[in-house]
Amino acid sequence: MNQNEIKIFCPATIANISCGFDVLGVALDAVGDEMIVRKTRYKGIRITRISGYDLPKTVEENVAGISALALYEHAQPECGFEIEIDKKIKPGSGIGSSSASASGAVFAMNKLLGNPYSNTELTAFAMAGEAFASGSKHADNVAPAIFGGFTLVKSIEPLVVLELPSPKDLYAVLAHPQIEIKTSVARSILPDKIPLKDAITQWANVGSLVHALHTNDHDLLAAALKDVVVEPYRSQLIPHFDKIKNEAINHGALGCGISGSGPSVFALTSGMDAAKRIERTMQDVYST
């Protein structure tokens with residue numbers, strides 16, 4: 001990096017992590033976009049190149065541009081910024097494609113400006129782009145993308161993000177069934193009210209999952225990775241979801257669920273050997 005340009009990795013993320021709808025998320029260290037952001041003498045934000053997928057370069061129609069504008073208008077710097085995006089996360093795949101763009105833009109700009117903003121403030125700027133993409137204001141993808149690791153969004157107004165520890169030897173396996181599910185559609189099928197017994201089960205699982213992360217307890221993590229609120233509805237949108245979940249768990253996964261709003265399905269495993277075994281299992285389900 002020179003003082004006027006930075007190249008960054010923008011991680012994909014798994015949101016919800018089964019029981020934590022709209023509050024829990026985790027960043028992935030092996031899947032993500034890349035961005036180059038540079039200062040310019042000319043004021044304003046420009047998106048000069050996008051590779052990988054056909055996305056708008058118009059700043060006001062691109063999640064990276066919208067998030068960048070939110071920071072730019074607050075900071076009022078004497079410079080401008082150009083953004084190049086190497087898009088490797090398929091839009092609509094459920095692993096935080098839009099949040100990678102949104103968080104990457106503001107994270108890089110903050111670095112080039114000398115880090116005037118905290119990670120929480122950057123998350124708020126990135127949420128502007130996420131809201132444009134999904135039609136709702138949430139931070140369960142952008143928060144882990146910016147903070148790294150596991151995060152819990154305690155509240156949106158005011159925005160409070162809690163960093164959670166990452167257990168040792170924990171791996172994520174992802175399967176993408178090659179369909180697209182828009183977040184707005186996936187949200188529209190959810191009920192406005194849920195039974196009290198389901199709410200009790202869900203918040204007990206969230207508390208257990210957070211404790212499991214702090215204590216590196218993989219058995220408790222497995223017991224907590226259950227969603228009785230959202231998954232019963234969204235799983236209907238994903239081909240062979242029940243089969244792939246059952247096969248993953250039968251072959252040793254700690255848990256298996258919908259990544260974000262889908263259609264990608266994730267499994268968490270203890271160790272690389274188990275991860276490779278689950279990978280083959282998921283491939284077998286979608287190849288038959």
# chains A, B, ... in the order shown; residues from 1 in each chain; ligands from 1
>>> residues_around(residues="Ser184 in chain A", least_positions_apart="5", cutoff="10 Å", atoms="only C-alpha atoms", output="PyMOL selection string")
chain A and resi 133-136+189+261
>>> select_by_dssp(residues="range 110-179 of chain A", states="helix (DSSP H, G or I)", output="PyMOL selection string")
chain A and resi 110-112+119-134+142-147
>>> residues_around(residues="Gln178 in chain A", least_positions_apart="5", cutoff="9 Å", atoms="only C-alpha atoms", output="ChimeraX atom specification")
/A:93,263-264
>>> select_by_dssp(residues="range 11-247 of chain A", states="strand (DSSP E)", output="number ranges by chain")
A: 11-15, 24-40, 44-51, 80-86, 150-155, 160-164, 170-175
>>> residues_around(residues="Arg280 in chain A", least_positions_apart="2", cutoff="12 Å", atoms="only C-alpha atoms", output="PyMOL selection string")
chain A and resi 173-175+244+247-248+251+273-278+282-287
>>> residues_around(residues="Ile45 in chain A", least_positions_apart="5", cutoff="7 Å", atoms="only C-alpha atoms", output="list in words")
Leu69, Gly80, Phe81 and Glu82 of chain A
>>> write_last_selection(atoms="N, CA and C atoms", output="PDB file, in the first residue's frame")
ATOM      1  N   LEU A  69     -20.300   6.794  -0.323  1.00  0.00           N
ATOM      2  CA  LEU A  69     -20.884   8.142  -0.241  1.00  0.00           C
ATOM      3  C   LEU A  69     -21.279   8.500   1.183  1.00  0.00           C
ATOM      4  N   GLY A  80     -10.927  12.989  -3.472  1.00  0.00           N
ATOM      5  CA  GLY A  80     -11.958  12.081  -3.910  1.00  0.00           C
ATOM      6  C   GLY A  80     -11.436  10.658  -3.854  1.00  0.00           C
ATOM      7  N   PHE A  81     -12.264   9.696  -4.302  1.00  0.00           N
ATOM      8  CA  PHE A  81     -11.839   8.293  -4.281  1.00  0.00           C
ATOM      9  C   PHE A  81     -12.308   7.573  -5.540  1.00  0.00           C
ATOM     10  N   GLU A  82     -11.437   6.710  -6.053  1.00  0.00           N
ATOM     11  CA  GLU A  82     -11.791   5.792  -7.130  1.00  0.00           C
ATOM     12  C   GLU A  82     -11.815   4.378  -6.570  1.00  0.00           C
TER      13      GLU A  82
END
>>> residues_around(residues="Pro116 in chain A", least_positions_apart="3", cutoff="12 Å", atoms="only C-alpha atoms", output="list in words")
Leu71, Tyr72, His74, Ala75, Pro77, Val106, Phe107, Ala108, Met109, Asn110, Lys111, Leu112, Leu113, Asn119, Thr120, Glu121 and Leu122 of chain A
>>> atom_distance(atom1="CA of Thr48 in chain A", atom2="CA of Ile89 in chain A")
18.8 Å
>>> residues_around(residues="Val142 in chain A", least_positions_apart="5", cutoff="7 Å", atoms="only C-alpha atoms", output="PyMOL selection string")
chain A and resi 99+103+123+126-127
>>> closest_residue(among="A:Glu78, A:Asp217, A:Glu157, A:Glu84", to="Gly52 in chain A", atoms="only C-alpha atoms")
A:Glu84
>>> closest_residue(among="A:His211, A:His218, A:His176, A:Arg187", to="Ile238 in chain A", atoms="only C-alpha atoms")
A:His176
>>> atom_distance(atom1="CA of Ala68 in chain A", atom2="CA of Leu164 in chain A")
26.7 Å
